[in-house]
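Structure, as structure tokens:
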Amino acid sequence: MKAFKTIGAAALAGAMMLSMAGCSSVKIEKKSMKDFESAVEDNTEIDLNEYSYDNCENLYFYNDWYYIDYFEFNDADEAEDAYDDAFDSFSSNKDHNDYSGSSRNLSTNDYKYFLFNGEIDGSGFFAPLSDEYESIAGSIDGDVYGGVYWVEDTVIVVMVRSHESDDKGYINAILSDLGYPHP
């Protein structure tokens, strides 16, 4: 019996190491603004808008269901700080039971992302440009599906406030074209 437990424990440990190695081998690459625009427009009927802030360029689309953003910051540290603020806000929602559902995240020195598929209770959880952006996406109540990604000087937000399979399909198609993981 002791040998059986030892073999079982070794097999479990080996399986866990293989699964962790597989997760860490996925590399997220920076996408240009043009690549992002193509991924969105090739998979949806969405036409993106462009806006310039003091510290970044922004391609975006917002309506009652979709929040799609590409931020290219002047500085990689600013982009990473914006991502970290968004992730901290999302984590705070989870800690206060304002989010229910599945989520996962990955953080390396070169890129980070968090993915979500659940329901949020009247809170915003991504605000890369704080006051300006918070006024647009600050209060989300209901179903959410998508991800937030940081690579170099970019932050990308792709999400839908729906659990309809067609809506999720659009999000997954955009993310697949970018080579990014989806929920």
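Each chain in the structure tokens gets a letter, A, B and so on, in the order shown; residues start at 1 in every chain, and ligands are counted from 1 in the order they appear.
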Taking only range 73-177 of chain A into account, list the residues labelled strand (DSSP E or B) by DSSP (computed from the backbone), as a JSON list (two decimals) with C-alpha atoms, in the first residue's frame.
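Writing done, so here's states_33.json:
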```
[["chain", "number", "residue", "atom", "x", "y", "z"],
["A", 73, "PHE", "CA", 1.59, 53.97, -23.99],
["A", 99, "TYR", "CA", -17.17, 38.74, -8.71],
["A", 100, "SER", "CA", -18.26, 35.13, -9.09],
["A", 101, "GLY", "CA", -17.11, 32.79, -11.80],
["A", 102, "SER", "CA", -13.87, 31.48, -13.19],
["A", 103, "SER", "CA", -10.72, 33.50, -13.68],
["A", 104, "ARG", "CA", -7.05, 32.89, -14.21],
["A", 105, "ASN", "CA", -3.96, 34.97, -14.62],
["A", 106, "LEU", "CA", -0.36, 34.68, -15.65],
["A", 107, "SER", "CA", 2.44, 37.08, -14.82],
["A", 111, "TYR", "CA", 3.86, 39.92, -20.26],
["A", 112, "LYS", "CA", 0.83, 39.52, -18.01],
["A", 113, "TYR", "CA", -2.82, 38.74, -18.46],
["A", 114, "PHE", "CA", -5.97, 37.91, -16.57],
["A", 115, "LEU", "CA", -9.02, 36.17, -17.98],
["A", 116, "PHE", "CA", -12.55, 36.05, -16.62],
["A", 117, "ASN", "CA", -15.84, 34.29, -17.26],
["A", 118, "GLY", "CA", -18.43, 35.12, -14.66],
["A", 119, "GLU", "CA", -20.57, 37.80, -13.13],
["A", 120, "ILE", "CA", -19.57, 41.09, -11.54],
["A", 121, "ASP", "CA", -21.74, 43.03, -9.14],
["A", 122, "GLY", "CA", -21.84, 46.71, -10.10],
["A", 123, "SER", "CA", -18.13, 47.46, -10.05],
["A", 140, "ILE", "CA", -20.36, 46.91, -14.83],
["A", 141, "ASP", "CA", -23.17, 44.81, -13.48],
["A", 142, "GLY", "CA", -23.83, 41.32, -14.78],
["A", 143, "ASP", "CA", -22.14, 38.79, -16.99],
["A", 144, "VAL", "CA", -18.55, 39.38, -18.14],
["A", 145, "TYR", "CA", -16.32, 37.38, -20.45],
["A", 146, "GLY", "CA", -12.88, 38.30, -21.77],
["A", 147, "GLY", "CA", -9.38, 39.29, -20.80],
["A", 148, "VAL", "CA", -6.91, 42.09, -20.06],
["A", 149, "TYR", "CA", -3.34, 41.79, -21.39],
["A", 150, "TRP", "CA", -0.05, 43.67, -20.93],
["A", 151, "VAL", "CA", 2.96, 43.34, -23.25],
["A", 154, "THR", "CA", 0.55, 48.01, -24.62],
["A", 155, "VAL", "CA", -2.56, 47.12, -22.64],
["A", 156, "ILE", "CA", -5.38, 45.32, -24.44],
["A", 157, "VAL", "CA", -8.90, 44.83, -23.07],
["A", 158, "VAL", "CA", -11.33, 42.56, -24.91],
["A", 159, "MET", "CA", -14.58, 41.74, -23.14],
["A", 160, "VAL", "CA", -18.29, 41.31, -23.58]]
```
DSSP says helix (DSSP H, G or I) for which residues of range 19-175 of chain A? Put them as a count of residues only? 55
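We find CA of Ala82 in chain A and CA of Met33 in chain A to be spaced 17.7 Å apart.
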Excluding range 48-65 of chain A and residues on its chain fewer than 5 positions from it, collect all residues at most 7 Å away from it, counting only C-alpha atoms, and give them as a PyMOL selection string. chain A and resi 70-74+160-162
Hey, what's within 12 Å of Gly169 in chain A if we count only C-alpha atoms and toss same-chain stuff fewer than 2 positions away? As an MDAnalysis selection string, please? chainID A and resid 43:44 145:146 159:160 162:167 171:176 182:183
Output of the above residues as an mmCIF file, in the first residue's frame, restricted to C-alpha atoms:
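Ended up saving to selection.cif:
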```
data_model
loop_
_atom_site.group_PDB
_atom_site.id
_atom_site.type_symbol
_atom_site.label_atom_id
_atom_site.label_comp_id
_atom_site.auth_asym_id
_atom_site.auth_seq_id
_atom_site.Cartn_x
_atom_site.Cartn_y
_atom_site.Cartn_z
ATOM 1 C CA ASN A 43 -14.098 38.944 -36.771
ATOM 2 C CA THR A 44 -16.842 41.468 -36.054
ATOM 3 C CA TYR A 145 -16.320 37.378 -20.455
ATOM 4 C CA GLY A 146 -12.883 38.302 -21.766
ATOM 5 C CA MET A 159 -14.578 41.743 -23.143
ATOM 6 C CA VAL A 160 -18.289 41.315 -23.576
ATOM 7 C CA SER A 162 -22.819 38.534 -22.053
ATOM 8 C CA HIS A 163 -22.664 34.775 -21.794
ATOM 9 C CA GLU A 164 -24.326 34.186 -25.161
ATOM 10 C CA SER A 165 -22.250 31.778 -27.233
ATOM 11 C CA ASP A 166 -22.224 34.093 -30.283
ATOM 12 C CA ASP A 167 -20.851 36.986 -28.203
ATOM 13 C CA ILE A 171 -14.258 37.575 -28.301
ATOM 14 C CA ASN A 172 -12.555 34.198 -28.785
ATOM 15 C CA ALA A 173 -12.048 34.852 -32.511
ATOM 16 C CA ILE A 174 -10.404 38.227 -31.843
ATOM 17 C CA LEU A 175 -8.138 36.738 -29.170
ATOM 18 C CA SER A 176 -7.258 33.725 -31.324
ATOM 19 C CA HIS A 182 -9.134 33.284 -23.925
ATOM 20 C CA PRO A 183 -11.263 32.247 -20.962
#
```
Just how far from CA of Glu80 in chain A is CA of Glu152 in chain A, in Å to one decimal? 7.6 Å
One decimal, in Å: what's the spacing between CA of Phe36 in chain A and CA of Asp85 in chain A?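 Those two atoms sit 22.3 Å apart.
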Counting only C-alpha atoms, the option among A:Asp69, A:Asp47, A:Asp81, A:Asp110 closest to Lys27 in chain A: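 Checking each candidate against Lys27 in chain A, we get A:Asp110 as the closest.
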